[in-house]
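Chemist: What follows is the file target.tsv, containing TSV, C-alpha atoms and all ligand atoms:
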```
chain	number	residue	atom	x	y	z
A	1413	MET	CA	15.55	-26.44	-3.96
A	1414	SER	CA	15.04	-23.56	-6.39
A	1415	ASP	CA	15.05	-23.68	-10.16
A	1416	VAL	CA	14.85	-21.19	-13.04
A	1417	THR	CA	13.43	-21.63	-16.53
A	1418	ILE	CA	12.93	-19.25	-19.45
A	1419	SER	CA	9.52	-19.08	-21.13
A	1420	GLU	CA	7.60	-17.11	-23.75
A	1421	ALA	CA	10.53	-16.76	-26.14
A	1422	GLY	CA	12.79	-15.22	-23.50
A	1423	ASN	CA	10.26	-12.67	-22.27
A	1424	ILE	CA	9.61	-14.35	-18.93
A	1425	LEU	CA	11.79	-15.91	-16.25
A	1426	VAL	CA	10.07	-18.51	-14.09
A	1427	LEU	CA	11.54	-18.96	-10.64
A	1428	ALA	CA	10.45	-22.05	-8.73
A	1429	THR	CA	11.19	-21.78	-5.00
A	1430	ASP	CA	10.04	-23.47	-1.81
A	1431	GLN	CA	7.92	-20.33	-1.30
A	1432	GLY	CA	6.14	-20.70	-4.61
A	1433	LEU	CA	6.45	-20.08	-8.32
A	1434	PHE	CA	7.20	-16.49	-9.39
A	1435	ARG	CA	7.30	-15.09	-12.92
A	1436	PHE	CA	9.35	-12.03	-13.86
A	1437	HIS	CA	9.31	-10.02	-17.08
A	1438	ALA	CA	12.66	-9.61	-18.86
A	1439	VAL	CA	12.28	-5.82	-18.91
A	1440	TRP	CA	11.56	-5.74	-15.16
A	1441	LEU	CA	14.65	-7.81	-14.39
A	1442	ARG	CA	16.86	-5.71	-16.64
A	1443	ASP	CA	15.49	-2.47	-15.16
A	1444	ASN	CA	16.20	-3.77	-11.67
A	1445	ALA	CA	19.75	-4.91	-12.30
A	1446	TRP	CA	22.22	-4.11	-9.52
A	1447	ASP	CA	25.46	-4.02	-11.52
A	1448	GLU	CA	27.59	-0.91	-11.24
A	1449	GLU	CA	26.69	0.34	-14.71
A	1450	THR	CA	22.99	0.29	-13.79
A	1451	ARG	CA	23.08	1.39	-10.14
A	1452	SER	CA	25.44	3.73	-8.33
A	1453	ARG	CA	27.68	1.84	-5.92
A	1454	THR	CA	27.60	4.80	-3.53
A	1455	ASN	CA	23.97	5.90	-3.28
A	1456	GLY	CA	22.07	3.09	-5.04
A	1457	GLN	CA	20.50	5.48	-7.56
A	1458	ARG	CA	19.75	4.16	-11.04
A	1459	LEU	CA	22.25	5.42	-13.59
A	1460	ILE	CA	20.25	4.54	-16.70
A	1461	ALA	CA	16.81	5.51	-17.98
A	1462	LEU	CA	14.34	3.07	-19.46
A	1463	ARG	CA	15.23	4.42	-22.91
A	1464	ASP	CA	18.70	2.86	-22.44
A	1465	ILE	CA	17.13	-0.62	-22.29
A	1466	ASP	CA	16.22	-2.20	-25.62
A	1467	ALA	CA	12.41	-2.34	-26.01
A	1468	ASN	CA	12.81	-5.93	-27.24
A	1469	VAL	CA	14.99	-7.06	-24.36
A	1470	THR	CA	14.81	-10.83	-23.75
A	1471	ILE	CA	16.48	-13.41	-21.55
A	1472	SER	CA	18.94	-15.62	-23.44
A	1473	ALA	CA	20.25	-17.68	-20.51
A	1474	ALA	CA	19.53	-18.15	-16.81
A	1475	ARG	CA	20.90	-20.34	-14.06
A	1476	ILE	CA	20.87	-20.54	-10.29
A	1477	ASP	CA	23.77	-21.44	-8.01
A	1478	ASP	CA	24.01	-21.07	-4.27
A	1479	GLY	CA	21.28	-18.48	-3.82
A	1480	THR	CA	22.39	-16.38	-6.81
A	1481	VAL	CA	20.31	-16.14	-9.97
A	1482	SER	CA	22.35	-15.20	-13.06
A	1483	VAL	CA	20.44	-13.88	-16.05
A	1484	THR	CA	21.86	-13.04	-19.48
A	1485	PHE	CA	19.99	-10.43	-21.48
A	1486	ALA	CA	19.81	-10.12	-25.28
A	1487	PRO	CA	20.59	-8.26	-27.44
A	1488	GLU	CA	23.08	-6.71	-24.95
A	1489	ASN	CA	24.59	-10.09	-24.07
A	1490	LYS	CA	24.93	-8.78	-20.52
A	1491	GLU	CA	24.86	-11.05	-17.47
A	1492	ILE	CA	23.33	-9.75	-14.26
A	1493	ARG	CA	23.33	-11.50	-10.89
A	1494	TYR	CA	20.47	-11.26	-8.39
A	1495	SER	CA	20.21	-12.63	-4.92
A	1496	LEU	CA	17.46	-15.22	-4.74
A	1497	GLY	CA	16.24	-13.66	-1.49
A	1498	TRP	CA	15.91	-10.23	-3.13
A	1499	LEU	CA	13.92	-11.69	-6.03
A	1500	ILE	CA	11.53	-13.50	-3.68
A	1501	THR	CA	11.07	-10.42	-1.49
A	1502	ASN	CA	10.35	-8.23	-4.52
A	1503	ALA	CA	8.31	-10.75	-6.51
A	1504	TYR	CA	5.14	-9.15	-7.89
A	1505	ASP	CA	3.60	-12.33	-9.26
A	1506	ARG	CA	1.38	-12.76	-6.21
A	1507	PRO	CA	-2.20	-11.79	-5.44
A	1508	GLN	CA	-2.30	-7.99	-5.16
A	1509	ARG	CA	-4.87	-6.22	-3.01
A	1510	THR	CA	-7.51	-4.32	-4.90
A	1511	GLU	CA	-10.49	-4.01	-2.54
A	1512	LYS	CA	-11.45	-0.46	-1.59
A	1513	GLY	CA	-10.05	0.66	1.76
A	1514	TRP	CA	-7.27	-1.83	2.47
A	1515	LEU	CA	-4.56	-0.71	4.86
A	1516	ALA	CA	-0.77	-1.03	4.70
A	1517	ALA	CA	0.57	-4.02	6.62
A	1518	ASN	CA	2.25	-1.96	9.36
A	1519	VAL	CA	-0.91	0.03	10.15
A	1520	GLU	CA	-3.10	-1.05	13.05
A	1521	THR	CA	-6.48	0.55	13.64
A	1522	TRP	CA	-7.67	1.34	17.15
A	1523	ASP	CA	-10.51	2.69	19.25
A	1524	ALA	CA	-10.96	3.82	22.86
A	1525	THR	CA	-9.52	0.55	24.13
A	1526	LEU	CA	-6.08	1.74	23.05
A	1527	SER	CA	-6.12	4.07	26.08
A	1528	ASP	CA	-4.28	1.47	28.16
A	1529	LYS	CA	-1.37	1.22	25.75
A	1530	ILE	CA	-0.88	4.66	24.20
A	1531	PRO	CA	2.49	4.79	22.41
A	1532	SER	CA	4.27	6.93	24.99
A	1533	ASP	CA	7.84	7.34	26.19
A	1534	ASP	CA	10.16	9.61	28.10
A	1535	PHE	CA	11.55	12.54	26.08
A	1536	GLY	CA	15.09	12.15	27.46
A	1537	ARG	CA	15.14	8.43	26.77
A	1538	VAL	CA	13.94	8.82	23.17
A	1539	ALA	CA	16.47	11.64	22.64
A	1540	THR	CA	19.46	9.57	23.82
A	1541	ASP	CA	18.62	5.91	23.23
A	1542	GLN	CA	18.33	4.80	19.59
A	1543	GLY	CA	16.44	1.65	20.57
A	1544	ALA	CA	13.85	3.70	22.49
A	1545	LYS	CA	13.53	6.14	19.60
A	1546	HIS	CA	13.04	3.26	17.17
A	1547	HIS	CA	10.36	1.74	19.40
A	1548	TRP	CA	8.53	5.06	19.84
A	1549	LEU	CA	8.63	5.96	16.13
A	1550	SER	CA	7.41	2.45	15.24
A	1551	GLY	CA	4.42	3.06	17.49
A	1552	VAL	CA	3.75	6.42	15.82
A	1553	ALA	CA	3.90	4.77	12.37
A	1554	ARG	CA	1.60	1.93	13.48
A	1555	TYR	CA	-1.03	3.92	15.40
A	1556	GLY	CA	-0.63	7.36	13.84
A	1557	PHE	CA	0.06	9.10	17.12
A	1558	GLY	CA	2.42	9.10	20.06
A	1559	LYS	CA	3.09	10.93	23.29
A	1560	LEU	CA	6.28	12.08	25.03
A	1561	THR	CA	6.61	12.91	28.72
A	1562	ASN	CA	9.19	14.67	30.92
A	1563	GLY	CA	10.34	17.07	28.20
A	1564	PRO	CA	11.81	20.51	28.91
A	1565	ILE	CA	9.34	23.19	30.02
A	1566	GLU	CA	10.63	26.06	27.93
A	1567	ASP	CA	9.55	28.21	25.00
A	1568	GLN	CA	9.92	26.32	21.67
A	1569	ALA	CA	10.64	22.99	23.35
A	1570	LEU	CA	8.50	21.44	20.61
A	1571	MET	CA	11.32	22.11	18.15
A	1572	ARG	CA	13.44	19.64	20.09
A	1573	VAL	CA	10.72	17.05	19.56
A	1574	VAL	CA	10.72	17.67	15.80
A	1575	ASP	CA	14.54	17.45	15.81
A	1576	LEU	CA	14.17	13.84	16.99
A	1577	PHE	CA	12.79	12.77	13.63
A	1578	GLY	CA	12.78	15.50	11.00
A	1579	HIS	CA	12.09	19.10	10.16
A	1580	VAL	CA	9.47	21.71	10.86
A	1581	ARG	CA	7.04	22.55	8.09
A	1582	GLU	CA	6.62	26.30	8.15
A	1583	THR	CA	3.25	27.73	7.10
A	1584	ASN	CA	1.55	31.13	7.07
A	1585	TYR	CA	1.01	30.54	10.81
A	1586	GLY	CA	4.80	30.60	11.21
A	1587	ARG	CA	7.26	27.93	12.31
A	1588	HIS	CA	5.03	27.32	15.29
A	1589	PHE	CA	1.74	28.63	16.65
A	1590	GLU	CA	0.51	29.49	20.14
A	1591	VAL	CA	-2.55	27.90	21.69
A	1592	ARG	CA	-3.20	29.96	24.81
A	1593	THR	CA	-6.46	29.63	26.67
A	1594	GLU	CA	-7.50	31.63	29.71
A	1595	VAL	CA	-10.56	30.17	31.22
A	1596	ASN	CA	-12.53	32.41	33.59
A	1597	PRO	CA	-16.20	32.70	34.47
A	1598	THR	CA	-16.89	35.51	31.97
A	1599	ASN	CA	-15.55	33.79	28.93
A	1600	LEU	CA	-15.90	30.18	30.02
A	1601	ALA	CA	-18.78	29.66	27.66
A	1602	TYR	CA	-16.62	30.70	24.74
A	1603	THR	CA	-13.13	29.39	25.40
A	1604	GLY	CA	-14.38	26.37	27.24
A	1605	LEU	CA	-16.02	24.97	24.14
A	1606	GLY	CA	-14.85	21.60	23.02
A	1607	LEU	CA	-14.05	21.14	19.34
A	1608	GLN	CA	-15.19	18.35	17.08
A	1609	ALA	CA	-12.31	16.04	16.24
A	1610	HIS	CA	-10.69	17.08	12.98
A	1611	THR	CA	-7.58	16.88	10.88
A	1612	ASP	CA	-5.67	20.14	10.58
A	1613	ASN	CA	-5.38	22.34	7.52
A	1614	PRO	CA	-7.21	20.19	4.96
A	1615	TYR	CA	-7.20	23.34	2.78
A	1616	ARG	CA	-3.49	22.84	2.11
A	1617	ASP	CA	-2.27	20.55	-0.64
A	1618	PRO	CA	-0.35	18.65	0.52
A	1619	VAL	CA	-1.66	18.89	4.07
A	1620	PRO	CA	0.89	19.10	6.89
A	1621	THR	CA	1.40	15.40	7.53
A	1622	VAL	CA	2.48	15.58	11.19
A	1623	GLN	CA	1.27	17.90	13.94
A	1624	VAL	CA	3.01	18.34	17.30
A	1625	LEU	CA	1.24	19.90	20.29
A	1626	TYR	CA	3.42	20.67	23.30
A	1627	CYS	CA	2.13	21.70	26.73
A	1628	LEU	CA	3.93	24.43	28.68
A	1629	GLU	CA	1.25	25.45	31.21
A	1630	SER	CA	-1.86	23.72	32.39
A	1631	SER	CA	-3.75	24.93	35.41
A	1632	ALA	CA	-7.28	24.84	33.99
A	1633	ALA	CA	-9.36	21.80	34.76
A	1634	GLY	CA	-10.64	19.93	31.74
A	1635	GLY	CA	-9.39	20.74	28.27
A	1636	GLU	CA	-8.08	17.22	27.78
A	1637	ASN	CA	-6.80	16.25	24.38
A	1638	MET	CA	-8.39	13.47	22.47
A	1639	VAL	CA	-7.59	11.58	19.30
A	1640	VAL	CA	-9.65	9.41	16.97
A	1641	ASP	CA	-8.35	6.95	14.38
A	1642	GLY	CA	-9.73	8.28	11.09
A	1643	PHE	CA	-8.85	5.02	9.33
A	1644	TRP	CA	-10.94	3.04	11.78
A	1645	ALA	CA	-13.81	5.54	11.43
A	1646	ALA	CA	-13.64	5.15	7.63
A	1647	LEU	CA	-13.66	1.37	7.87
A	1648	ARG	CA	-16.60	1.42	10.29
A	1649	LEU	CA	-18.46	3.60	7.79
A	1650	LYS	CA	-17.66	1.12	5.04
A	1651	ALA	CA	-18.83	-1.84	7.13
A	1652	GLU	CA	-22.14	-0.07	7.82
A	1653	ASN	CA	-22.70	0.87	4.19
A	1654	PRO	CA	-20.15	0.50	1.39
A	1655	ASP	CA	-22.03	3.16	-0.61
A	1656	TRP	CA	-21.28	5.74	2.11
A	1657	PHE	CA	-17.59	4.85	1.97
A	1658	GLY	CA	-17.79	4.92	-1.83
A	1659	VAL	CA	-19.35	8.37	-2.13
A	1660	LEU	CA	-16.83	10.00	0.26
A	1661	SER	CA	-13.87	8.41	-1.50
A	1662	ARG	CA	-15.12	8.89	-5.06
A	1663	TYR	CA	-15.85	12.61	-4.96
A	1664	CYS	CA	-13.79	15.57	-3.88
A	1665	THR	CA	-14.73	17.89	-1.06
A	1666	ARG	CA	-13.50	21.46	-1.20
A	1667	PHE	CA	-11.72	23.07	1.71
A	1668	GLU	CA	-10.86	26.71	2.12
A	1669	TYR	CA	-9.21	29.07	4.58
A	1670	ALA	CA	-9.12	32.79	3.95
A	1671	GLY	CA	-8.99	34.07	7.53
A	1672	ASP	CA	-5.77	36.08	7.30
A	1673	LYS	CA	-5.00	39.02	5.04
A	1674	GLY	CA	-3.24	37.85	1.89
A	1675	VAL	CA	-4.09	34.18	2.46
A	1676	VAL	CA	-6.56	32.20	0.35
A	1677	LEU	CA	-5.81	28.51	0.73
A	1678	ARG	CA	-7.96	26.10	-1.24
A	1679	SER	CA	-7.89	22.39	-1.90
A	1680	ARG	CA	-10.07	19.86	-3.70
A	1681	ARG	CA	-9.62	16.41	-2.23
A	1682	PRO	CA	-11.84	13.55	-1.07
A	1683	MET	CA	-12.58	13.13	2.65
A	1684	LEU	CA	-11.48	9.51	2.32
A	1685	GLU	CA	-8.56	9.28	-0.07
A	1686	LEU	CA	-7.64	6.02	-1.77
A	1687	ALA	CA	-4.65	5.04	-3.87
A	1688	PRO	CA	-5.60	3.80	-7.36
A	1689	ASP	CA	-5.41	0.20	-6.07
A	1690	GLY	CA	-7.82	0.93	-3.22
A	1691	GLU	CA	-5.41	1.49	-0.31
A	1692	LEU	CA	-6.86	3.96	2.19
A	1693	THR	CA	-4.15	6.62	2.33
A	1694	ALA	CA	-5.67	9.69	3.97
A	1695	VAL	CA	-8.64	11.12	5.82
A	1696	ARG	CA	-9.55	14.81	5.74
A	1697	PHE	CA	-12.28	15.86	8.12
A	1698	ASN	CA	-12.76	19.41	9.34
A	1699	ASN	CA	-16.20	20.99	9.53
A	1700	ARG	CA	-14.75	24.48	10.09
A	1701	SER	CA	-12.88	24.64	6.82
A	1702	ALA	CA	-15.15	22.66	4.50
A	1703	ALA	CA	-16.22	24.91	1.61
A	1704	ALA	CA	-19.30	24.40	-0.56
A	1705	THR	CA	-19.25	20.94	-2.09
A	1706	THR	CA	-19.70	21.33	-5.82
A	1707	ASP	CA	-18.06	18.24	-7.27
A	1708	VAL	CA	-20.73	15.70	-6.37
A	1709	PRO	CA	-23.35	15.05	-9.08
A	1710	PHE	CA	-26.91	16.04	-8.18
A	1711	GLU	CA	-27.97	12.37	-8.11
A	1712	ASP	CA	-25.39	11.54	-5.41
A	1713	MET	CA	-25.57	14.67	-3.22
A	1714	ALA	CA	-28.20	13.30	-0.80
A	1715	LEU	CA	-26.12	10.14	-0.34
A	1716	TYR	CA	-23.01	12.27	0.13
A	1717	TYR	CA	-24.61	14.22	2.98
A	1718	GLU	CA	-25.94	11.02	4.54
A	1719	ALA	CA	-22.42	9.57	4.47
A	1720	TYR	CA	-20.79	12.79	5.76
A	1721	ARG	CA	-23.28	12.96	8.65
A	1722	ARG	CA	-22.72	9.32	9.58
A	1723	LEU	CA	-18.92	9.67	9.41
A	1724	GLY	CA	-19.22	12.60	11.83
A	1725	GLU	CA	-21.38	10.51	14.18
A	1726	ILE	CA	-18.83	7.71	14.15
A	1727	ILE	CA	-16.04	10.21	14.87
A	1728	ASP	CA	-18.08	11.63	17.78
A	1729	ASP	CA	-18.75	8.17	19.23
A	1730	PRO	CA	-17.00	8.02	22.65
A	1731	ALA	CA	-16.09	4.39	21.88
A	1732	MET	CA	-13.70	5.77	19.23
A	1733	GLU	CA	-11.77	8.31	21.31
A	1734	VAL	CA	-8.58	8.07	23.28
A	1735	THR	CA	-8.43	10.90	25.81
A	1736	PHE	CA	-5.41	12.06	27.78
A	1737	ARG	CA	-4.33	15.10	29.68
A	1738	LEU	CA	-1.13	16.88	28.77
A	1739	GLU	CA	0.90	18.23	31.68
A	1740	PRO	CA	3.68	20.82	31.24
A	1741	GLY	CA	6.64	19.17	29.48
A	1742	GLU	CA	4.40	16.66	27.74
A	1743	CYS	CA	3.45	16.57	24.10
A	1744	PHE	CA	1.78	14.44	21.52
A	1745	LEU	CA	2.05	14.16	17.79
A	1746	VAL	CA	-0.41	12.88	15.25
A	1747	ASP	CA	-0.22	11.64	11.70
A	1748	ASN	CA	-2.44	14.40	10.33
A	1749	THR	CA	-3.35	12.31	7.27
A	1750	ARG	CA	-5.01	9.76	9.50
A	1751	VAL	CA	-5.63	10.68	13.14
A	1752	LEU	CA	-8.14	13.36	14.12
A	1753	HIS	CA	-7.58	15.42	17.24
A	1754	ALA	CA	-9.66	17.67	19.45
A	1755	ARG	CA	-9.74	19.46	22.74
A	1756	LYS	CA	-12.41	18.61	25.27
A	1757	ALA	CA	-14.38	21.31	27.04
A	1758	TYR	CA	-13.00	23.05	30.14
A	1759	SER	CA	-14.70	22.56	33.44
A	1760	GLY	CA	-12.90	25.11	35.63
A	1761	THR	CA	-10.84	28.29	35.62
A	1762	GLY	CA	-7.14	28.69	34.96
A	1763	THR	CA	-4.75	28.92	32.05
A	1764	ARG	CA	-3.52	26.54	29.44
A	1765	TRP	CA	-0.60	27.19	27.13
A	1766	LEU	CA	0.34	24.88	24.32
A	1767	GLN	CA	2.63	25.40	21.37
A	1768	GLY	CA	2.00	23.60	18.12
A	1769	CYS	CA	3.83	23.06	14.88
A	1770	TYR	CA	3.77	20.94	11.76
A	1771	ALA	CA	6.35	18.56	10.40
A	1772	ASP	CA	6.54	15.96	7.65
A	1773	LYS	CA	5.67	12.30	7.93
A	1774	ASP	CA	8.10	11.28	5.19
A	1775	GLY	CA	10.96	12.59	7.35
A	1776	LEU	CA	9.63	10.67	10.35
A	1777	LEU	CA	9.33	7.44	8.32
A	1778	SER	CA	12.80	8.03	6.87
A	1779	THR	CA	14.29	8.33	10.37
A	1780	LEU	CA	12.44	5.16	11.39
A	1781	ALA	CA	13.61	3.20	8.32
A	1782	SER	CA	17.18	4.36	8.79
A	1783	LEU	CA	17.16	3.37	12.48
A	1784	GLN	CA	15.69	0.03	11.45
A	1785	ALA	CA	18.50	-0.54	8.94
A	1786	THR	CA	21.20	0.45	11.47
A	1787	MET	CA	19.77	-1.82	14.14
A	1788	HIS	CA	19.42	-4.65	11.64
A	1789	GLU	CA	23.10	-4.30	10.66
A	1790	ALA	CA	24.17	-4.18	14.29
A	1791	ALA	CA	22.24	-7.39	14.96
A	1792	GLU	CA	23.90	-9.28	12.08
B	1	FE2	FE	-6.44	21.28	15.24
```
Show how you would write the structure in this file as structure tokens.
Ligand code: FE2

Modeler:
Amino acid sequence: MSDVTISEAGNILVLATDQGLFRFHAVWLRDNAWDEETRSRTNGQRLIALRDIDANVTISAARIDDGTVSVTFAPENKEIRYSLGWLITNAYDRPQRTEKGWLAANVETWDATLSDKIPSDDFGRVATDQGAKHHWLSGVARYGFGKLTNGPIEDQALMRVVDLFGHVRETNYGRHFEVRTEVNPTNLAYTGLGLQAHTDNPYRDPVPTVQVLYCLESSAAGGENMVVDGFWAALRLKAENPDWFGVLSRYCTRFEYAGDKGVVLRSRRPMLELAPDGELTAVRFNNRSAAATTDVPFEDMALYYEAYRRLGEIIDDPAMEVTFRLEPGECFLVDNTRVLHARKAYSGTGTRWLQGCYADKDGLLSTLASLQATMHEAAE
């Protein structure tokens, strides 16, 4: 049985429910009204600005009947109805997370043991079956990477992967880039080198948030792809020494790329990026494009390097990495704000041809949320 009362001279509504007691400010309730003068019936966008709400807005009456909470606001003398369920879902009068490095509820960290259950599906199935696409994109959102198999083996096939969830992000490298490797005895030492796991293009702001790598040819032995969960690496670092986590999240690193004529890309961002309330939102780690660090005070620079070194060691720890081989027609994508990727060293001769491109995570999450809503409606 739910109940509503007005307190603090009409400034606060107190909602007592079987899920707890929730307080709401009058201005919050008025701002979040769903009547047709406040919100567009067609696209849900707010039609008023805060300046249209009286700064001294109060609640003059409130009642609850059958799961609907009706609130009358003064001085407008306007009654707004809210669904009880919506108010409970959106209640903010609950403990909020503030510790440094918390993760969103739908994010699950992983290490090498994820190898047995890599989020992977068949390209054709994901392209034609909404349920399969929803399942695959959910996995990508949860783990920050996913693989597709049995895709077309043709130039630019990666664009068809991006079409599944969003749009390409074009950069100075073009709409896509070629990763061709010819491994033979004379240059094996050079091209066969493995790379340290990294996030791509940390020198951009914002960084490309999704990367797709698509395999078209693979006859060289070795050269497997591997991925590491940057969030898990950051949390391991924090567990070992909170000061290490603190110094890498508190100060900015500088990244730069000026390898092409007419291109000087620079950014100033922390390696471990937190939202103001402490949520871990992004990891940037790329030894090749780190510029001189100049934003760390002298007193903290030794600690900064200690933390940077240890984070690198954790990233290099084989217990962290998920390794897989891409065959022609297979691809993987990573959340480039979280998951680091690398190529392992080659062990034989042959060729390898991959195409890569960037896309945006907000588009991917939008496609996922929209599929979720459609499936939810269909199930009702
Ligand atoms: Fe890369």

Chemist: Taking only C-alpha atoms and all ligand atoms into account, report as a list of chain:residue names which residues have an atom no farther than 9 Å from an atom of ligand FE2 1 (chain B).

Modeler: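 Selection of residues at most 9 Å from ligand FE2 1 (chain B): A:Leu1607, A:Ala1609, A:His1610, A:Thr1611, A:Asp1612, A:Asn1613, A:Gln1623, A:Asn1698, A:Leu1752, A:His1753, A:Ala1754, A:Arg1755.
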
Chemist: Taking into account all atoms listed in the file, which residue in the set A:Arg1458, A:Pro1682, A:Val1591, A:Val1734 is nearest to Lys1529 of chain A?

Modeler: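 Closest to Lys1529 of chain A of all the choices is A:Val1734.
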
Chemist: Just give me the gap between atom CA of Lys1490 of chain A and atom CA of His1437 of chain A in Å, one decimal is fine.

Modeler: 16.0 Å

Chemist: Write out as an NGL selection string the residues lying within 6 Å of segment 1742-1747 of chain A, counting all atoms listed in the file and excluding same-chain residues fewer than 3 positions away.

Modeler: :A and (1556-1561 or 1563 or 1621-1627 or 1738-1739 or 1750-1751)

Chemist: Anything within 12 Å of (7.3, -20.6, -2.1): list those residues as a list in words, counting all atoms listed in the file and sticking to the file's coordinates.

Modeler: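 All residues meeting the 12 Å criterion around (7.3, -20.6, -2.1) are Met1413, Ser1414, Asp1415, Leu1427, Ala1428, Thr1429, Asp1430, Gln1431, Gly1432, Leu1433, Phe1434, Leu1496, Gly1497, Leu1499, Ile1500, Thr1501, Ala1503, Asp1505 and Arg1506 of chain A.
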
Chemist: For Leu1441 of chain A, please output as a PDB file with C-alpha atoms, in the frame of the given file all residues within 9 Å (counting all atoms listed in the file; exclusion window: fewer than 3 positions along the same chain).

Modeler:
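Generated output (selection26.pdb):
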```
ATOM      1  CA  LEU A1425      11.790 -15.910 -16.250  1.00  0.00           C
ATOM      2  CA  PHE A1436       9.350 -12.030 -13.860  1.00  0.00           C
ATOM      3  CA  HIS A1437       9.310 -10.020 -17.080  1.00  0.00           C
ATOM      4  CA  ALA A1438      12.660  -9.610 -18.860  1.00  0.00           C
ATOM      5  CA  ASN A1444      16.200  -3.770 -11.670  1.00  0.00           C
ATOM      6  CA  ALA A1445      19.750  -4.910 -12.300  1.00  0.00           C
ATOM      7  CA  VAL A1483      20.440 -13.880 -16.050  1.00  0.00           C
ATOM      8  CA  ILE A1492      23.330  -9.750 -14.260  1.00  0.00           C
TER       9      ILE A1492
END
```

Chemist: To one decimal in Å, tell me the separation between atom CA of Glu1792 of chain A and atom CA of Ala1516 of chain A.

Modeler: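 Distance reported for this atom pair: 27.0 Å.
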
Chemist: Using Å and a single decimal, report how far atom CA of Ser1527 of chain A sits from atom CA of Ala1632 of chain A.

Modeler: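 These atoms are spaced 22.3 Å apart.
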
Chemist: Could you tell me which of A:Val1552, A:Ile1726, A:Leu1515, A:Ala1569 comes closest to Ile1530 of chain A if we count only C-alpha atoms?

Modeler: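 Distance minimum relative to Ile1530 of chain A lands on A:Val1552.
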
Chemist: Can you pull out the residues contacting Leu1780 of chain A? Cut-off 8 Å, using all atoms listed in the file, and skip same-chain residues under 3 positions away; I want them as a list in words.

Modeler: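 The neighbour list is His1546, Leu1549, Ser1550, Phe1577, Leu1776, Leu1777, Leu1783 and Gln1784 of chain A.
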
Chemist: Within 9 Å of segment 1537-1540 of chain A, counting only C-alpha atoms, which residues qualify if same-chain residues fewer than 6 places away don't, as a ChimeraX atom specification?

Modeler: /A:1546-1548,1560,1572-1573,1576

Chemist: Store the residues picked out above, limited to C-alpha atoms, as a PDB file, in the coordinates of the input.

Modeler:
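Done, and the output landed in again-v2.pdb:
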```
ATOM      1  CA  HIS A1546      13.040   3.260  17.170  1.00  0.00           C
ATOM      2  CA  HIS A1547      10.360   1.740  19.400  1.00  0.00           C
ATOM      3  CA  TRP A1548       8.530   5.060  19.840  1.00  0.00           C
ATOM      4  CA  LEU A1560       6.280  12.080  25.030  1.00  0.00           C
ATOM      5  CA  ARG A1572      13.440  19.640  20.090  1.00  0.00           C
ATOM      6  CA  VAL A1573      10.720  17.050  19.560  1.00  0.00           C
ATOM      7  CA  LEU A1576      14.170  13.840  16.990  1.00  0.00           C
TER       8      LEU A1576
END
```

Chemist: Pull the neighbourhood of (-20.0, 4.8, 13.6) for me: all residues within 7 Å in file coordinates, counting only C-alpha atoms, as a list in words.

Modeler: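 Checked against the point, the hits come out as Ala1645, Arg1648, Leu1649, Arg1722, Leu1723, Glu1725, Ile1726, Ile1727 and Asp1729 of chain A.
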
Chemist: Out of A:Ala1719, A:Val1708, A:Leu1570, A:Ile1418, which residue has the shortest atom-to-atom distance to Arg1666 of chain A when counting only C-alpha atoms?

Modeler: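 Nearest candidate to Arg1666 of chain A out of A:Ala1719, A:Val1708, A:Leu1570, A:Ile1418: A:Val1708.
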
Chemist: Please provide the set of residues having any atom within 12 Å of Ala1467 of chain A, restricted to all atoms listed in the file, with same-chain residues fewer than 2 positions apart removed, written as a PDB file with C-alpha atoms, in the frame of the given file.

Modeler:
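Writing done, so here's out.pdb:
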```
ATOM      1  CA  ASN A1423      10.260 -12.670 -22.270  1.00  0.00           C
ATOM      2  CA  ALA A1438      12.660  -9.610 -18.860  1.00  0.00           C
ATOM      3  CA  VAL A1439      12.280  -5.820 -18.910  1.00  0.00           C
ATOM      4  CA  TRP A1440      11.560  -5.740 -15.160  1.00  0.00           C
ATOM      5  CA  ARG A1442      16.860  -5.710 -16.640  1.00  0.00           C
ATOM      6  CA  ASP A1443      15.490  -2.470 -15.160  1.00  0.00           C
ATOM      7  CA  LEU A1462      14.340   3.070 -19.460  1.00  0.00           C
ATOM      8  CA  ARG A1463      15.230   4.420 -22.910  1.00  0.00           C
ATOM      9  CA  ASP A1464      18.700   2.860 -22.440  1.00  0.00           C
ATOM     10  CA  ILE A1465      17.130  -0.620 -22.290  1.00  0.00           C
ATOM     11  CA  VAL A1469      14.990  -7.060 -24.360  1.00  0.00           C
ATOM     12  CA  THR A1470      14.810 -10.830 -23.750  1.00  0.00           C
ATOM     13  CA  PHE A1485      19.990 -10.430 -21.480  1.00  0.00           C
ATOM     14  CA  ALA A1486      19.810 -10.120 -25.280  1.00  0.00           C
ATOM     15  CA  PRO A1487      20.590  -8.260 -27.440  1.00  0.00           C
ATOM     16  CA  GLU A1488      23.080  -6.710 -24.950  1.00  0.00           C
TER      17      GLU A1488
END
```

Chemist: Taking all atoms listed in the file into account, name the residue in A:Ser1701, A:Ser1472, A:Asn1637, A:Asn1455 that is nearest to Thr1735 of chain A.

Modeler: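 Among the listed residues, A:Asn1637 lies closest to Thr1735 of chain A.
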
Chemist: Looking at A:Ala1421, A:Ala1544, A:Leu1628, A:Ile1460, which one is nearest to Gln1568 of chain A, with distances taken over only C-alpha atoms?

Modeler: A:Leu1628
